[in-house]
Amino acid sequence: MAFNEDILQQCETRIQYVFRDRALLRRCLTHSSSAETRLDSNERLEFLGDAVLGLLICEHLFQLYPDQREGQLTQMKSWLVSRQTCARVARRLDLEPLIFVGRGLQVIPDSILSAVVESLVAGVYFDGGLDGARTFILMAFEEELKLCQPVDTENFKSQLQEYTQRELSRTPEYVVIEESGPDHAREFVIAARVGELLFESGRGRSKKEAEQQAARNALLELLHPQTQAVVDTAGEVPESETDGRDVFLSLQPVDVGMQSGPKNESVPEQGLPVSSTGIDALNSGSTLAGHVQRPDDQKESSVKTNMAELLWNPGTETLRFLPEGPYQLGGGRFSWVAIQHGAESRVGSLNVFDLNSGHNQTWELPGRPGFAFPTEASGVFVVGLERTVGIFDTHDCSWRPFIEGIEHDVDNTIINDAVVFEDNLIFGCKELEFKTPKAGLYLWRRSDGRTIRLDREQICSNGKAVVRNSDGTLTLYDIDSCTRRIVRRLLNIEAGELGAAETVVDLTAEEIFPDGMILTPDRQSLIVALYNPGDPDAGEARQYGLLDGELQAVWKCQGSPRVTCPQLVEQSGRIRLVLTTAVEHMSVEQAERHPSAGCLFIADTGFSSAGDQPTFRTPFPG
């Protein structure tokens, strides 16, 4: 009880309000995961606090800007009461370690931080009336209220330049991260850079609008040093400037929602990079609950859980629909494919993402790509496309198939995932309705250029890895997603044959499907992306041991349940895990609940190298 009382006193100090009703304050800080019943949590208070916050923010803006039209006031109000802004207020008040959560919740997402702020607004309203709530809101939202001024009279670029020249002796620059859309409806993604720091990007229909948003984001980050910007060069930020914490790449807003849907849907999301507090706790093996701790909270789990950070939001629905197949290219770059640009689309694209600049380049392909691997020639890829495999050159967008007529005797299938092994190519197909076991698994053998069907009874052939055993034999680790199993089979390349399947990982007890898969650098484990068709708060990739199938590590992608493929990449001397995720098969309501679906994520690892990343030799001379 003394421990709980200490938390309540800390909260009162941070919010500058002393509660008469201590039970009310405790309920404000109690998430449903730690409450005996949902009625004992802060959910009802959050409901009321949202309304009180909206009322008092509207009142303040109405009085402060008597000459502004309703549209301008609505835009400012929507940004001020948004989930991202409330979460940012919670972090600035350092409320995160004071929230009572259950043991299973290891990282506090923005939705819970936002809910606590709204609950406290309701709590202060009940305890101290409307005047008390007004005083609390104006204190807590002071920095946001300073920056949120009418767009047509505000110039964030001028403010940023004045601040950086005065405080940092630097002049900001603006980097175009992406341009998309037709000429009559262009969209620009631009980030502000100050010295070596690249801040969260802004979006707009013109460069001027995007630059203003980027400048606003930079100002918010500079005014709140607990948030972290991106190192934009190969140099490192000195440890003293980051309190020993990692600097995470987060070029897009992060909304790790757990509620029924996003708030203020008409307003572009403008959240700041998530604080590293929770990730530091996980990396150090501690629990996040500085909240209510029970004796077994102190035990370290044998399976390490890591939170992936949002790396890039493609912005367009075409690129978010079904991203897969990331592959390291070197120099901080990796390729990936958008398998198809929508549910009814028959085309996809090859993409190259640059971790150093945050820029993505797209080449549309003449069909749906299942995989793409780099070749020995820069900018040239081997691609499985519909029912052909060929060479795509990004320099002139030329396409030269060398395997044609795949599945010529089967209908409704296309090429899916693949692996390059010792100059050979092993690839599979998927049946487009995910029902009938008629899709093939193929070997393209370099020695004679033959294409051999190894299996003809898969449904959705997905992740693959090949390991050479100590006796010289080969083992293929293979996923047919619909079976929810990872199996191993002896592979004889010379004979073009596969042995019987033996289950290594059985996921049939879970409502998830294994998708893309890679070997760890020591070739002792597999990292598997898990495609969850349901509605969990976070998607997952997991690491399993090859020999025993034991779970060894987990990476979570908040707000994006359909994780499709993993890949290890090197960035500034660190080995990081890139994860692609998808929007595919989501209803409109699900997509609203999972705003990060279809985005690319990145996470830290403990690996010292990226492992096997072979290139494919083109079969064409010259």
# chains A, B, ... in the order shown; residues from 1 in each chain; ligands from 1

$ residues_around --residues "A:Gln159" --least-positions-apart "4" --cutoff "8 Å" --atoms "only C-alpha atoms" --output "PyMOL selection string"
chain A and resi 155+163+219

$ residues_around --residues "A:Asn532" --least-positions-apart "6" --cutoff "8 Å" --atoms "only C-alpha atoms" --output "PyMOL selection string"
chain A and resi 511-513+539+561-563

$ residues_around --residues "A:Gln161" --least-positions-apart "2" --cutoff "12 Å" --atoms "only C-alpha atoms" --output "list of chain:residue names"
A:Asn155, A:Phe156, A:Lys157, A:Ser158, A:Gln159, A:Tyr163, A:Thr164, A:Gln165, A:Arg166, A:Glu167, A:Leu168, A:Ser169, A:Arg170, A:Thr171, A:Pro172, A:Glu173, A:Tyr174, A:Ala192, A:Arg193, A:Val194, A:Gln212, A:Ala215, A:Arg216, A:Ala218, A:Leu219, A:Leu222

$ write_last_selection --atoms "C-alpha atoms" --output "PDB file, in the first residue's frame"
ATOM      1  CA  ASN A 155       5.362  30.246 -39.897  1.00  0.00           C
ATOM      2  CA  PHE A 156       7.029  27.292 -38.230  1.00  0.00           C
ATOM      3  CA  LYS A 157       9.980  27.538 -40.596  1.00  0.00           C
ATOM      4  CA  SER A 158      10.792  31.017 -39.305  1.00  0.00           C
ATOM      5  CA  GLN A 159      10.420  29.853 -35.697  1.00  0.00           C
ATOM      6  CA  TYR A 163      15.542  28.854 -32.554  1.00  0.00           C
ATOM      7  CA  THR A 164      18.312  26.795 -34.174  1.00  0.00           C
ATOM      8  CA  GLN A 165      20.422  29.825 -35.043  1.00  0.00           C
ATOM      9  CA  ARG A 166      20.075  31.179 -31.530  1.00  0.00           C
ATOM     10  CA  GLU A 167      20.482  27.923 -29.582  1.00  0.00           C
ATOM     11  CA  LEU A 168      22.509  25.685 -31.891  1.00  0.00           C
ATOM     12  CA  SER A 169      24.275  28.107 -34.245  1.00  0.00           C
ATOM     13  CA  ARG A 170      22.820  26.059 -37.128  1.00  0.00           C
ATOM     14  CA  THR A 171      20.493  26.793 -40.002  1.00  0.00           C
ATOM     15  CA  PRO A 172      17.873  24.136 -40.763  1.00  0.00           C
ATOM     16  CA  GLU A 173      17.685  22.433 -44.150  1.00  0.00           C
ATOM     17  CA  TYR A 174      14.765  20.560 -45.697  1.00  0.00           C
ATOM     18  CA  ALA A 192      13.894  19.087 -41.433  1.00  0.00           C
ATOM     19  CA  ARG A 193      17.609  18.537 -40.853  1.00  0.00           C
ATOM     20  CA  VAL A 194      19.686  20.493 -38.354  1.00  0.00           C
ATOM     21  CA  GLN A 212       5.910  23.830 -42.475  1.00  0.00           C
ATOM     22  CA  ALA A 215       9.468  22.493 -39.108  1.00  0.00           C
ATOM     23  CA  ARG A 216       6.677  22.112 -36.551  1.00  0.00           C
ATOM     24  CA  ALA A 218      11.386  19.616 -35.429  1.00  0.00           C
ATOM     25  CA  LEU A 219      10.382  22.377 -33.016  1.00  0.00           C
ATOM     26  CA  LEU A 222      13.882  20.267 -29.926  1.00  0.00           C
TER      27      LEU A 222
END

$ atom_distance --atom1 "atom CA of A:Leu355" --atom2 "atom CA of A:Gly332"
5.3 Å

$ residues_around --residues "stretch 136-139 of chain A" --least-positions-apart "6" --cutoff "10 Å" --atoms "only C-alpha atoms" --output "PyMOL selection string"
chain A and resi 15-17+52-53+56-57+60+117-118+120-121+124-125+130+145

$ write_last_selection --atoms "N, CA and C atoms" --output "PDB file, in the first residue's frame"
ATOM      1  N   ILE A  15       1.508  16.544 -11.943  1.00  0.00           N
ATOM      2  CA  ILE A  15       0.378  17.227 -12.590  1.00  0.00           C
ATOM      3  C   ILE A  15      -0.009  18.511 -11.861  1.00  0.00           C
ATOM      4  N   GLN A  16       0.667  18.798 -10.736  1.00  0.00           N
ATOM      5  CA  GLN A  16       0.459  20.027  -9.964  1.00  0.00           C
ATOM      6  C   GLN A  16      -0.979  20.147  -9.462  1.00  0.00           C
ATOM      7  N   TYR A  17      -1.517  19.022  -8.995  1.00  0.00           N
ATOM      8  CA  TYR A  17      -2.861  19.023  -8.416  1.00  0.00           C
ATOM      9  C   TYR A  17      -2.920  17.926  -7.360  1.00  0.00           C
ATOM     10  N   VAL A  52     -14.380  16.539 -21.736  1.00  0.00           N
ATOM     11  CA  VAL A  52     -13.990  17.728 -20.960  1.00  0.00           C
ATOM     12  C   VAL A  52     -12.790  18.415 -21.609  1.00  0.00           C
ATOM     13  N   LEU A  53     -11.815  17.617 -22.035  1.00  0.00           N
ATOM     14  CA  LEU A  53     -10.645  18.184 -22.708  1.00  0.00           C
ATOM     15  C   LEU A  53     -11.059  18.940 -23.965  1.00  0.00           C
ATOM     16  N   LEU A  56     -12.823  22.333 -22.991  1.00  0.00           N
ATOM     17  CA  LEU A  56     -11.971  23.398 -22.468  1.00  0.00           C
ATOM     18  C   LEU A  56     -10.937  23.862 -23.489  1.00  0.00           C
ATOM     19  N   ILE A  57     -10.468  22.968 -24.355  1.00  0.00           N
ATOM     20  CA  ILE A  57      -9.586  23.402 -25.432  1.00  0.00           C
ATOM     21  C   ILE A  57     -10.353  24.309 -26.392  1.00  0.00           C
ATOM     22  N   HIS A  60     -10.754  27.680 -24.788  1.00  0.00           N
ATOM     23  CA  HIS A  60      -9.511  28.443 -24.797  1.00  0.00           C
ATOM     24  C   HIS A  60      -9.218  29.024 -26.189  1.00  0.00           C
ATOM     25  N   VAL A 117      -3.925  10.604 -19.645  1.00  0.00           N
ATOM     26  CA  VAL A 117      -4.087  12.063 -19.629  1.00  0.00           C
ATOM     27  C   VAL A 117      -5.568  12.427 -19.619  1.00  0.00           C
ATOM     28  N   GLU A 118      -6.355  11.767 -20.484  1.00  0.00           N
ATOM     29  CA  GLU A 118      -7.790  12.065 -20.528  1.00  0.00           C
ATOM     30  C   GLU A 118      -8.474  11.662 -19.217  1.00  0.00           C
ATOM     31  N   LEU A 120      -7.080  11.642 -16.246  1.00  0.00           N
ATOM     32  CA  LEU A 120      -6.708  12.643 -15.244  1.00  0.00           C
ATOM     33  C   LEU A 120      -7.506  13.930 -15.421  1.00  0.00           C
ATOM     34  N   VAL A 121      -7.788  14.294 -16.671  1.00  0.00           N
ATOM     35  CA  VAL A 121      -8.644  15.463 -16.908  1.00  0.00           C
ATOM     36  C   VAL A 121     -10.005  15.240 -16.248  1.00  0.00           C
ATOM     37  N   VAL A 124      -9.608  15.262 -12.321  1.00  0.00           N
ATOM     38  CA  VAL A 124      -9.493  16.618 -11.765  1.00  0.00           C
ATOM     39  C   VAL A 124     -10.833  17.350 -11.876  1.00  0.00           C
ATOM     40  N   TYR A 125     -11.564  17.090 -12.958  1.00  0.00           N
ATOM     41  CA  TYR A 125     -12.890  17.713 -13.129  1.00  0.00           C
ATOM     42  C   TYR A 125     -13.831  17.275 -12.003  1.00  0.00           C
ATOM     43  N   LEU A 130     -14.753  22.372 -12.867  1.00  0.00           N
ATOM     44  CA  LEU A 130     -14.324  22.814 -14.187  1.00  0.00           C
ATOM     45  C   LEU A 130     -13.110  23.732 -14.104  1.00  0.00           C
ATOM     46  N   LEU A 145       0.054  24.313 -26.789  1.00  0.00           N
ATOM     47  CA  LEU A 145      -0.747  25.508 -27.044  1.00  0.00           C
ATOM     48  C   LEU A 145       0.102  26.637 -27.623  1.00  0.00           C
TER      49      LEU A 145
END

$ residues_around --residues "stretch 315-320 of chain A" --least-positions-apart "5" --cutoff "6 Å" --atoms "only C-alpha atoms" --output "PyMOL selection string"
chain A and resi 338+341-342+598

$ residues_around --residues "A:Leu443" --least-positions-apart "6" --cutoff "10 Å" --atoms "only C-alpha atoms" --output "list in words"
Ala418, Val419, Asn424, Leu425, Ile426, Phe427, Gly428, Gly449, Arg450, Thr451, Ile452, Arg453, Leu454, Asp455, Ile493, Gly496 and Glu497 of chain A

$ select_by_dssp --residues "stretch 31-214 of chain A" --states "alpha helix (DSSP H)" --output "VMD selection string"
chain A and resid 43 to 64 70 to 80 83 to 92 110 to 140 142 to 147 156 to 167 207 to 214

$ atom_distance --atom1 "atom CA of A:Val176" --atom2 "atom CA of A:Gly195"
15.9 Å

$ atom_distance --atom1 "atom CA of A:Gly405" --atom2 "atom CA of A:Pro621"
22.2 Å

$ closest_residue --among "A:Glu46, A:Glu96, A:Asp127, A:Glu59" --to "A:Arg22" --atoms "only C-alpha atoms"
A:Asp127

$ closest_residue --among "A:Ala597, A:Phe616, A:Val303, A:Pro66" --to "A:Trp444" --atoms "only C-alpha atoms"
A:Phe616
